[in-house]
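Student: Below you'll find protein_10.txt; it's compact mmCIF, C-alpha atoms.
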```txt
# COMPACT_ATOMS: atom_id res chain seq x y z
CA MET Z 202 14.35 12.17 -1.10
CA ASN Z 203 14.87 8.45 -0.64
CA VAL Z 204 12.37 6.47 -2.73
CA ARG Z 205 12.04 2.76 -1.85
CA LYS Z 206 9.54 1.72 -4.47
CA ILE Z 207 7.15 3.06 -7.04
CA VAL Z 208 3.76 1.46 -7.60
CA THR Z 209 1.48 1.91 -10.59
CA VAL Z 210 -2.14 0.75 -10.64
CA VAL Z 211 -4.45 0.98 -13.65
CA GLU Z 212 -8.10 -0.04 -13.40
CA GLU Z 213 -10.23 -0.60 -16.48
CA ILE Z 214 -13.94 -1.10 -15.99
CA LEU Z 215 -15.80 -2.80 -18.84
CA GLU Z 216 -19.12 -3.56 -17.19
CA GLU Z 217 -21.09 -1.91 -14.40
CA GLY Z 218 -24.61 -2.49 -13.22
CA GLY Z 219 -24.86 -5.36 -15.67
CA ARG Z 220 -24.33 -3.10 -18.66
CA PRO Z 221 -21.27 -2.63 -20.84
CA VAL Z 222 -19.00 0.37 -20.31
CA SER Z 223 -17.66 1.27 -23.72
CA PRO Z 224 -15.12 2.68 -24.09
CA SER Z 225 -13.87 1.19 -20.84
CA ALA Z 226 -13.50 3.53 -17.86
CA ARG Z 227 -9.88 4.03 -16.84
CA VAL Z 228 -8.38 5.21 -13.57
CA ALA Z 229 -4.63 5.26 -12.85
CA VAL Z 230 -2.65 5.69 -9.65
CA VAL Z 231 1.08 6.14 -9.20
CA ALA Z 232 2.49 6.00 -5.67
CA ALA Z 233 5.98 6.54 -4.33
CA VAL Z 234 7.06 4.99 -1.04
CA ILE Z 235 9.51 7.45 0.53
CA ASP Z 236 11.31 7.95 3.82
CA ASN Z 237 9.44 10.28 6.15
CA PRO Z 238 11.85 13.24 6.26
CA TRP Z 239 10.85 14.13 9.85
CA VAL Z 240 10.63 10.76 11.53
CA GLY Z 241 12.81 10.19 14.57
CA GLN Z 242 13.43 13.88 15.18
CA GLY Z 243 10.87 14.41 17.92
CA PHE Z 244 8.26 17.10 17.36
CA VAL Z 245 9.49 19.24 14.50
CA GLU Z 246 7.86 22.65 14.81
CA ASP Z 247 8.84 24.05 11.46
CA LEU Z 248 8.08 21.73 8.55
CA ALA Z 249 8.88 24.32 5.90
CA PRO Z 250 12.51 23.30 5.23
CA GLY Z 251 11.45 19.67 4.65
CA ILE Z 252 8.60 20.76 2.39
CA GLU Z 253 11.01 22.94 0.45
CA ALA Z 254 13.46 20.05 0.11
CA HIS Z 255 11.03 17.34 -1.02
CA ALA Z 256 7.50 18.36 -2.05
CA SER Z 257 8.33 19.64 -5.52
CA ASP Z 258 10.57 16.66 -6.33
CA ILE Z 259 7.83 14.17 -5.46
CA GLY Z 260 5.26 16.06 -7.48
CA ALA Z 261 7.63 16.21 -10.45
CA LEU Z 262 8.20 12.46 -10.22
CA LEU Z 263 4.58 11.38 -9.88
CA ALA Z 264 2.67 13.82 -12.11
CA PRO Z 265 4.02 12.81 -15.54
CA ALA Z 266 3.99 9.15 -14.50
CA VAL Z 267 0.30 9.07 -13.63
CA VAL Z 268 -0.65 10.90 -16.83
CA ASP Z 269 1.44 8.38 -18.78
CA ALA Z 270 -0.09 5.41 -16.96
CA LEU Z 271 -3.60 6.65 -17.69
CA GLY Z 272 -2.74 6.95 -21.38
CA ASP Z 273 -5.59 9.35 -21.96
CA LYS Z 274 -6.77 12.87 -21.23
CA VAL Z 275 -7.19 13.44 -17.49
CA GLU Z 276 -10.70 14.53 -16.52
CA ALA Z 277 -10.66 13.91 -12.77
CA TYR Z 278 -7.86 13.76 -10.25
CA GLY Z 279 -6.89 13.33 -6.60
CA LYS Z 280 -3.96 12.75 -4.25
CA ALA Z 281 -2.96 10.81 -1.14
CA ALA Z 282 -0.48 10.82 1.72
CA ILE Z 283 -0.42 7.68 3.85
CA VAL Z 284 1.91 8.06 6.81
CA GLY Z 285 3.65 5.16 8.53
CA LEU Z 286 2.96 4.55 12.22
CA ASP Z 287 5.97 6.48 13.55
CA GLY Z 288 5.02 9.70 11.78
CA GLU Z 289 2.37 12.39 12.12
CA ILE Z 290 -0.41 12.80 9.58
CA GLU Z 291 0.86 16.38 9.49
CA HIS Z 292 4.04 15.06 7.82
CA GLY Z 293 2.08 13.61 4.93
CA SER Z 294 -0.09 16.68 4.68
CA ALA Z 295 3.04 18.82 4.59
CA LEU Z 296 4.25 17.11 1.43
CA ILE Z 297 0.98 17.16 -0.51
CA HIS Z 298 -0.81 20.31 0.69
CA THR Z 299 1.46 22.75 -1.04
CA LEU Z 300 1.33 24.23 -4.51
CA LYS Z 301 4.93 23.10 -4.89
CA PHE Z 302 3.58 19.54 -5.05
CA GLY Z 303 0.18 19.91 -6.68
CA ASP Z 304 1.11 22.32 -9.44
CA HIS Z 305 3.12 19.61 -11.19
CA PHE Z 306 -0.08 17.58 -11.56
CA ARG Z 307 -2.23 20.60 -12.40
CA ASN Z 308 0.17 21.57 -15.16
CA ALA Z 309 0.51 18.03 -16.54
CA ALA Z 310 -3.28 17.56 -16.55
CA HIS Z 311 -4.19 21.10 -17.68
CA ALA Z 312 -6.19 21.39 -14.47
CA THR Z 313 -7.27 24.33 -12.39
CA THR Z 314 -9.13 23.06 -9.32
CA LEU Z 315 -7.80 22.06 -5.93
CA LEU Z 316 -6.85 18.40 -5.67
CA PRO Z 317 -9.09 16.37 -3.36
CA ALA Z 318 -7.01 14.35 -0.93
CA VAL Z 319 -6.86 11.54 1.59
CA GLU Z 320 -4.45 11.74 4.51
CA LYS Z 321 -4.23 8.77 6.81
CA ARG Z 322 -1.86 6.91 9.11
CA GLY Z 323 -1.60 3.16 9.02
CA PRO Z 324 0.52 0.03 8.88
CA ALA Z 325 2.00 -1.53 5.76
CA GLY Z 326 -0.76 -2.99 3.62
CA VAL Z 327 -3.38 -0.51 4.79
CA THR Z 328 -6.00 0.20 2.13
CA PHE Z 329 -6.76 3.79 1.27
CA ASP Z 330 -9.34 5.47 -0.93
CA ILE Z 331 -8.27 8.39 -3.10
CA PRO Z 332 -11.11 10.79 -3.89
CA LEU Z 333 -11.15 12.29 -7.38
CA LYS Z 334 -12.98 15.33 -8.70
CA HIS Z 335 -13.17 17.10 -12.03
CA ILE Z 336 -9.98 18.93 -12.98
CA THR Z 337 -11.57 22.28 -13.83
CA ASP Z 338 -14.89 22.30 -11.97
CA ALA Z 339 -15.14 20.48 -8.65
CA THR Z 340 -18.94 20.78 -8.69
CA ILE Z 341 -19.36 18.41 -11.66
CA ARG Z 342 -21.03 15.45 -9.97
CA SER Z 343 -20.45 12.91 -12.70
CA HIS Z 344 -16.74 12.99 -11.91
CA HIS Z 345 -16.89 12.50 -8.12
CA GLN Z 346 -15.35 9.07 -7.68
CA THR Z 347 -12.89 7.07 -5.60
CA VAL Z 348 -10.13 4.58 -6.30
CA GLU Z 349 -8.92 2.13 -3.66
CA VAL Z 350 -5.22 1.34 -3.34
CA ARG Z 351 -3.07 -0.98 -1.26
CA VAL Z 352 0.68 -1.54 -1.22
CA ALA Z 353 1.30 -4.83 0.58
CA ASP Z 354 4.55 -3.80 2.31
CA ALA Z 355 4.16 -0.05 2.69
CA PRO Z 356 4.29 2.28 4.48
CA HIS Z 357 6.87 1.05 7.00
CA PRO Z 358 6.66 2.97 10.30
CA GLY Z 359 9.20 5.53 9.08
CA GLU Z 360 7.81 5.94 5.58
CA ILE Z 361 5.11 7.85 3.73
CA VAL Z 362 3.23 6.70 0.64
CA ILE Z 363 2.53 9.66 -1.63
CA ALA Z 364 0.14 9.00 -4.51
CA LEU Z 365 -1.61 10.72 -7.39
CA ALA Z 366 -4.74 9.42 -9.09
CA ALA Z 367 -6.17 10.30 -12.50
CA ALA Z 368 -9.37 9.26 -14.26
CA ALA Z 369 -10.13 9.60 -17.96
CA GLN Z 370 -13.87 10.03 -17.34
CA GLY Z 371 -16.48 10.23 -14.63
CA ARG Z 372 -18.10 7.26 -12.95
CA PRO Z 373 -19.16 4.46 -15.24
CA GLN Z 374 -22.95 4.70 -15.74
CA GLN Z 375 -23.01 8.14 -14.08
CA ARG Z 376 -26.55 9.49 -14.22
CA LEU Z 377 -27.11 11.96 -11.40
CA ALA Z 378 -28.72 15.31 -12.00
CA SER Z 379 -26.20 18.16 -11.99
CA LEU Z 380 -25.83 20.44 -9.02
CA SER Z 381 -27.45 23.30 -10.92
CA THR Z 382 -30.79 21.46 -11.01
CA GLU Z 383 -31.02 21.78 -7.22
CA GLN Z 384 -30.01 25.41 -6.94
CA MET M 81 18.32 2.89 -14.09
CA PRO M 82 16.74 6.36 -14.19
CA LEU M 83 13.44 6.64 -12.35
CA ALA M 84 11.64 7.72 -15.52
CA LEU M 85 12.48 4.37 -17.14
CA LEU M 86 11.13 2.47 -14.17
CA LEU M 87 7.90 4.40 -14.51
CA SER M 88 7.13 4.33 -18.19
CA CYS M 89 4.17 2.35 -19.48
CA GLY M 90 3.64 0.90 -22.92
CA MET M 91 0.55 1.79 -24.86
CA GLN M 92 -2.35 -0.31 -23.67
CA GLU M 93 -4.79 -1.19 -26.40
CA PRO M 94 -8.42 -0.79 -25.32
CA ILE M 95 -10.22 -4.08 -24.77
CA ALA M 96 -12.94 -4.61 -27.38
CA ALA M 97 -16.44 -4.47 -25.90
CA SER M 98 -17.35 -7.64 -27.78
CA ILE M 99 -14.51 -9.58 -26.13
CA ALA M 100 -15.52 -8.29 -22.71
CA ALA M 101 -19.12 -9.34 -23.31
CA ASP M 102 -18.12 -12.78 -24.61
CA ILE M 103 -16.19 -13.74 -21.50
CA GLY M 104 -18.18 -11.71 -18.96
CA LEU M 105 -15.24 -9.40 -18.21
CA ARG M 106 -16.22 -6.73 -15.70
CA LYS M 107 -12.92 -5.20 -14.75
CA LEU M 108 -9.16 -5.42 -15.17
CA VAL M 109 -6.62 -4.22 -12.60
CA LEU M 110 -2.98 -3.80 -13.54
CA TYR M 111 -0.54 -3.51 -10.64
CA ARG M 112 3.12 -2.78 -11.15
CA GLU M 113 5.94 -2.02 -8.78
CA ALA M 114 9.55 -1.06 -9.20
CA VAL M 115 11.97 -1.35 -6.31
CA VAL M 116 14.24 1.68 -6.30
CA SER M 117 15.95 0.97 -3.00
CA GLU M 118 15.85 -2.01 -0.64
CA GLY M 119 17.60 -2.29 2.70
CA GLY M 120 19.02 1.17 2.06
CA SER M 121 20.76 0.39 -1.22
CA ARG M 122 19.85 0.20 -4.87
CA PRO M 123 19.38 -3.27 -6.32
CA PRO M 124 22.30 -4.14 -8.60
CA VAL M 125 19.78 -5.53 -11.11
CA PRO M 126 16.64 -3.38 -10.79
CA ALA M 127 13.47 -5.32 -11.53
CA ARG M 128 9.85 -4.49 -12.04
CA GLN M 129 7.01 -6.78 -11.12
CA ALA M 130 3.48 -6.65 -12.47
CA SER M 131 0.25 -8.48 -12.00
CA VAL M 132 -2.86 -8.33 -14.14
CA ALA M 133 -6.10 -9.32 -12.44
CA VAL M 134 -9.28 -9.72 -14.46
CA VAL M 135 -12.71 -10.09 -12.93
CA ILE M 136 -14.98 -12.33 -14.97
CA ARG M 137 -18.30 -14.00 -14.46
CA ASN M 138 -17.86 -17.57 -13.24
CA PRO M 139 -19.00 -19.55 -16.31
CA TRP M 140 -19.99 -22.46 -14.07
CA PHE M 141 -21.77 -20.56 -11.29
CA GLY M 142 -24.78 -22.53 -10.13
CA THR M 143 -23.69 -25.79 -11.76
CA ALA M 144 -23.14 -29.09 -9.97
CA PRO M 145 -19.71 -30.72 -9.43
CA SER M 146 -20.64 -33.28 -12.06
CA THR M 147 -20.49 -30.54 -14.73
CA ASP M 148 -17.85 -30.95 -17.46
CA LEU M 149 -15.68 -27.81 -17.41
CA ALA M 150 -13.83 -28.39 -20.67
CA ALA M 151 -15.97 -26.47 -23.14
CA GLU M 152 -16.01 -23.16 -21.27
CA SER M 153 -12.37 -23.56 -20.35
CA ARG M 154 -11.50 -23.89 -24.05
CA ARG M 155 -13.66 -20.90 -24.94
CA VAL M 156 -12.66 -18.45 -22.18
CA ALA M 157 -9.09 -19.26 -21.11
CA PRO M 158 -7.33 -18.52 -24.45
CA VAL M 159 -8.92 -15.06 -24.55
CA LEU M 160 -7.65 -14.38 -21.03
CA ALA M 161 -4.16 -15.66 -21.87
CA ARG M 162 -3.88 -13.31 -24.83
CA LEU M 163 -5.33 -10.29 -23.08
CA MET M 164 -3.37 -10.69 -19.87
CA THR M 165 0.01 -11.39 -21.45
CA ASP M 166 -0.46 -8.38 -23.71
CA ARG M 167 -1.01 -6.23 -20.64
CA LEU M 168 2.02 -7.70 -18.86
CA GLN M 169 4.22 -6.99 -21.86
CA ASP M 170 2.93 -3.42 -22.11
CA ALA M 171 3.60 -2.88 -18.42
CA LEU M 172 7.06 -4.43 -18.29
CA GLY M 173 8.63 -3.46 -21.60
CA GLY M 174 8.01 -6.43 -23.86
CA VAL M 175 8.42 -10.16 -23.85
CA ASP M 176 12.21 -10.11 -23.80
CA ALA M 177 12.23 -8.02 -20.62
CA ILE M 178 10.16 -10.60 -18.76
CA GLU M 179 12.23 -13.19 -16.89
CA ALA M 180 9.81 -14.72 -14.38
CA PHE M 181 6.13 -15.55 -14.36
CA GLY M 182 3.27 -16.87 -12.25
CA LYS M 183 -0.50 -17.14 -12.22
CA GLY M 184 -3.43 -17.33 -9.85
CA ALA M 185 -7.17 -17.41 -9.35
CA ILE M 186 -9.52 -16.14 -6.67
CA VAL M 187 -12.88 -17.85 -6.90
CA GLY M 188 -15.91 -16.06 -5.48
CA THR M 189 -17.66 -17.76 -2.59
CA GLY M 190 -20.41 -19.15 -4.80
CA GLY M 191 -17.97 -21.19 -6.93
CA GLU M 192 -15.60 -24.11 -6.56
CA ILE M 193 -11.80 -23.86 -6.49
CA GLU M 194 -12.06 -26.31 -9.37
CA HIS M 195 -13.60 -23.52 -11.45
CA GLY M 196 -10.51 -21.37 -10.96
CA GLY M 197 -8.35 -24.36 -11.85
CA ALA M 198 -10.32 -24.86 -15.06
CA LEU M 199 -9.31 -21.36 -16.13
CA ILE M 200 -5.62 -21.40 -15.15
CA HIS M 201 -4.45 -25.02 -15.04
CA THR M 202 -5.39 -26.26 -18.48
CA PRO M 203 -3.34 -25.86 -21.68
CA TYR M 204 -5.87 -23.29 -22.88
CA PHE M 205 -4.35 -20.85 -20.41
CA GLY M 206 -1.01 -22.24 -19.24
CA ASN M 207 0.41 -23.29 -22.59
CA LEU M 208 -0.61 -20.02 -24.18
CA VAL M 209 0.74 -17.82 -21.39
CA ARG M 210 4.02 -19.75 -21.64
CA GLU M 211 4.08 -19.33 -25.41
CA PHE M 212 3.15 -15.64 -25.42
CA LEU M 213 5.80 -14.87 -22.78
CA ASP M 214 8.42 -16.99 -24.52
CA GLY M 215 8.82 -19.33 -21.55
CA GLU M 216 9.49 -23.02 -21.03
CA SER M 217 8.91 -23.60 -17.32
CA ILE M 218 5.79 -24.88 -15.66
CA ILE M 219 4.02 -21.77 -14.35
CA CYS M 220 3.76 -21.64 -10.57
CA PHE M 221 0.48 -20.53 -9.06
CA ALA M 222 -1.69 -19.64 -6.09
CA ASP M 223 -5.43 -20.00 -5.72
CA ALA M 224 -8.07 -19.20 -3.14
CA ARG M 225 -11.78 -18.95 -2.64
CA ALA M 226 -12.41 -15.62 -1.06
CA VAL M 227 -14.53 -12.52 -0.72
CA ALA M 228 -13.95 -9.34 -2.72
CA GLY M 229 -10.85 -7.44 -1.73
CA GLU M 230 -8.88 -10.41 -0.45
CA PRO M 231 -5.24 -10.14 -1.59
CA LEU M 232 -3.67 -13.13 -3.33
CA VAL M 233 0.10 -13.55 -3.03
CA VAL M 234 1.16 -14.94 -6.40
CA PRO M 235 4.49 -16.79 -6.68
CA LEU M 236 6.78 -16.26 -9.64
CA TRP M 237 9.78 -18.17 -10.87
CA HIS M 238 12.09 -18.06 -13.86
CA LYS M 239 10.28 -18.59 -17.13
CA THR M 240 12.89 -20.88 -18.68
CA ALA M 241 14.82 -22.21 -15.66
CA ALA M 242 12.38 -22.63 -12.80
CA ALA M 243 15.05 -23.62 -10.25
CA THR M 244 16.87 -20.29 -10.57
CA ARG M 245 16.71 -19.32 -6.92
CA SER M 246 17.36 -15.59 -7.43
CA HIS M 247 14.04 -15.35 -9.23
CA TYR M 248 11.85 -16.91 -6.52
CA GLN M 249 9.59 -14.02 -5.62
CA THR M 250 5.96 -13.07 -5.10
CA VAL M 251 3.66 -10.24 -6.04
CA SER M 252 0.44 -9.39 -4.29
CA ALA M 253 -2.69 -9.03 -6.44
CA ARG M 254 -5.96 -7.59 -5.25
CA VAL M 255 -9.23 -6.26 -6.65
CA PRO M 256 -11.06 -4.15 -4.07
CA ASP M 257 -14.57 -5.08 -5.25
CA GLY M 258 -13.99 -8.52 -6.74
CA PRO M 259 -14.66 -11.36 -6.90
CA ARG M 260 -18.37 -11.27 -6.17
CA PRO M 261 -19.77 -14.69 -5.20
CA ASP M 262 -20.53 -15.46 -8.86
CA GLU M 263 -17.22 -14.19 -10.23
CA ILE M 264 -13.62 -15.35 -10.59
CA VAL M 265 -10.51 -13.17 -10.49
CA VAL M 266 -7.83 -14.58 -12.75
CA VAL M 267 -4.26 -13.33 -12.27
CA ALA M 268 -1.19 -13.44 -14.48
CA ALA M 269 2.04 -12.01 -13.08
CA ALA M 270 5.58 -11.44 -14.24
CA SER M 271 8.88 -9.86 -13.26
CA THR M 272 11.78 -8.45 -15.23
CA GLY M 273 14.46 -9.80 -12.92
CA PRO M 274 15.53 -11.26 -9.60
CA ARG M 275 14.78 -10.21 -6.03
CA PRO M 276 16.41 -6.90 -5.10
CA HIS M 277 19.47 -8.38 -3.35
CA PRO M 278 19.55 -12.14 -4.02
CA ARG M 279 22.30 -13.80 -2.01
CA ILE M 280 21.15 -17.22 -0.88
CA GLY M 281 23.14 -19.18 -3.42
CA ASP M 282 21.81 -21.61 -5.94
CA ARG M 283 21.76 -25.34 -6.57
CA LEU M 284 25.16 -25.06 -8.16
CA THR M 285 26.73 -23.48 -5.09
CA ASP M 286 24.83 -25.31 -2.35
CA PRO M 287 26.72 -27.61 0.01
CA ILE M 288 25.32 -31.12 0.30
CA VAL M 289 22.93 -31.04 3.23
CA THR M 290 21.58 -34.20 4.84
CA SER M 291 20.29 -34.98 8.32
CA SER M 292 23.64 -36.59 9.18
CA ASN M 293 25.86 -33.64 8.33
CA VAL M 294 23.69 -31.12 10.18
CA GLU M 295 23.43 -33.45 13.18
CA VAL M 296 24.90 -30.87 15.52
CA VAL M 297 22.18 -28.38 14.74
CA LEU M 298 19.40 -30.92 14.99
CA SER M 299 20.53 -32.52 18.27
```
If you took the structure in this file and wrote it as structure tokens, what would it be?

Tutor:
Amino acid sequence: MNVRKIVTVVEEILEEGGRPVSPSARVAVVAAVIDNPWVGQGFVEDLAPGIEAHASDIGALLAPAVVDALGDKVEAYGKAAIVGLDGEIEHGSALIHTLKFGDHFRNAAHATTLLPAVEKRGPAGVTFDIPLKHITDATIRSHHQTVEVRVADAPHPGEIVIALAAAAQGRPQQRLASLSTEQ
Amino acid sequence: MPLALLLSCGMQEPIAASIAADIGLRKLVLYREAVVSEGGSRPPVPARQASVAVVIRNPWFGTAPSTDLAAESRRVAPVLARLMTDRLQDALGGVDAIEAFGKGAIVGTGGEIEHGGALIHTPYFGNLVREFLDGESIICFADARAVAGEPLVVPLWHKTAAATRSHYQTVSARVPDGPRPDEIVVVAAASTGPRPHPRIGDRLTDPIVTSSNVEVVLS
């Protein structure tokens, strides 16, 4: 796996809706910009060897880093694969939609649910929104949230940006009735 | 350098709610990047860059250009300088690791560029950022008036020897939902080293170039 750069983003929200958020709400993202393992090879029918070669390594790199960057207990999480213009979205999906990738994050965060994801193709500097949901119960509405990310010079056409996102809490000022009240 | 070292973060102290309320601080975004490979090879001196962007209420929103900016500048800018340089040090491994710095402001569309300048160009910010980061150079900058989500490319140069060409670099800062028209995004940025593969010489190695000795190229 050839990594070109690693990006860390930490957002702290201290006020929302004109009211203080205390303690501040924290969301962290760590992204790796890597070579697309399948680019330039025409249509690759079987992606399994590439998944086997790379998915676990990327998960192992990003999972502890995003937990460290958050600096707190992870309550909600999500993931992203942003494919450069010469690749297929399937290439990004291949690397993140496997337990070999996600289990690193689930283990580091003591999580059990599936990771919500964004998969997208775009030029360098494209913005992308990573959806996050609660780590043990994806129906908990307070924790449905999104973090927006942009890496100014990535992905190049032959690259993929793989990212993990972690939040230490739900939305700031969350106040929606729980799903159970409508069932 | 092992990847794990490039990734590690220092402990970030929570920002006190009272400080946030005092300066109208809505949000802080820390961005950090580490170049592992560039042009297919590892940088001989790996560097990390970081920017800290804070979104604050424009203290002068709705005031006329005749308004004296000094009092609010003196009240707000030192708090920003302390907070933002603390975050940069946490992100980059301490003051001694930081070799280059820069600053910036994005003023929301309801303010004046002058308002951003009042927060970053006076001694209440600049002198303190320089002191907290153990620098001597003038701090280079970028500013803009823009809508939320507009990236600002912030220049950096060496903190004690500004003409060190290897350290001329930029980092892009951006807050997706800021600044609102009545807000200002203030940016402080730093780097732990040079560009990935600096090789364009320096003042000490430059030939003397004048219009007469490059006549052939110009004609």

Student: Could you list, as a PyMOL selection string, every residue of chain Z that has an atom within 6 Å of an atom of chain M, counting only C-alpha atoms?

Tutor: chain Z and resi 205-216+270

Student: Select, from M:Ile280, M:Ala242, M:Leu149, M:Ala161, the residue with the minimum atom-to-atom distance to Gly206 of chain M, counting only C-alpha atoms.

Tutor: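 Of all the options, M:Ala161 lies closest to Gly206 of chain M.
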
Student: Please list as a list in words every residue within 10 Å of Ala228 of chain M, counting only C-alpha atoms and excluding residues in the same chain fewer than 5 positions away.

Tutor: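 My reading of the contact set: Ile186, Val187, Gly188, Thr189, Arg254, Val255, Pro256, Asp257, Gly258, Pro259, Arg260, Pro261, Glu263, Ile264 and Val265 of chain M.
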
Student: What does the distance from atom CA of Leu262 of chain Z to atom CA of Val234 of chain Z come to in Å, to one decimal?

Tutor: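 Computed distance, atom CA of Leu262 of chain Z to atom CA of Val234 of chain Z, equals 11.9 Å.
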
Student: Measure the distance from atom CA of Glu276 of chain Z to atom CA of Thr328 of chain Z in Å and round it to one decimal.

Tutor: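 One can read the atom CA of Glu276 of chain Z to atom CA of Thr328 of chain Z distance as 24.0 Å.
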
Student: Interatomic distance between atom CA of Ala318 of chain Z and atom CA of Pro358 of chain Z?

Tutor: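 Separation between atom CA of Ala318 of chain Z and atom CA of Pro358 of chain Z: 21.0 Å.
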
Student: Show which residues sit within 12 Å of Thr147 of chain M, as a count of residues only. Count only C-alpha atoms, and ignore same-chain residues fewer than 5 positions away.

Tutor: 9

Student: Taking all atoms listed in the file into account, name the residue in M:Pro276, M:Val267, M:Asp148, M:Asp166 that is nearest to Ile178 of chain M.

Tutor: M:Asp166

Student: Which of these, M:Gly196, M:Pro287, M:Gly215, M:Gly281, has the shortest distance to Ala180 of chain M once you count all atoms listed in the file?

Tutor: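 Residue with the minimum atom-to-atom distance to Ala180 of chain M: M:Gly215.
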
Student: Pick from Z:Asp269, Z:Gly288, Z:Ser223, Z:Arg372: nearest to Phe244 of chain Z, with only C-alpha atoms counted?

Tutor: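 Closest to Phe244 of chain Z of all the choices is Z:Gly288.
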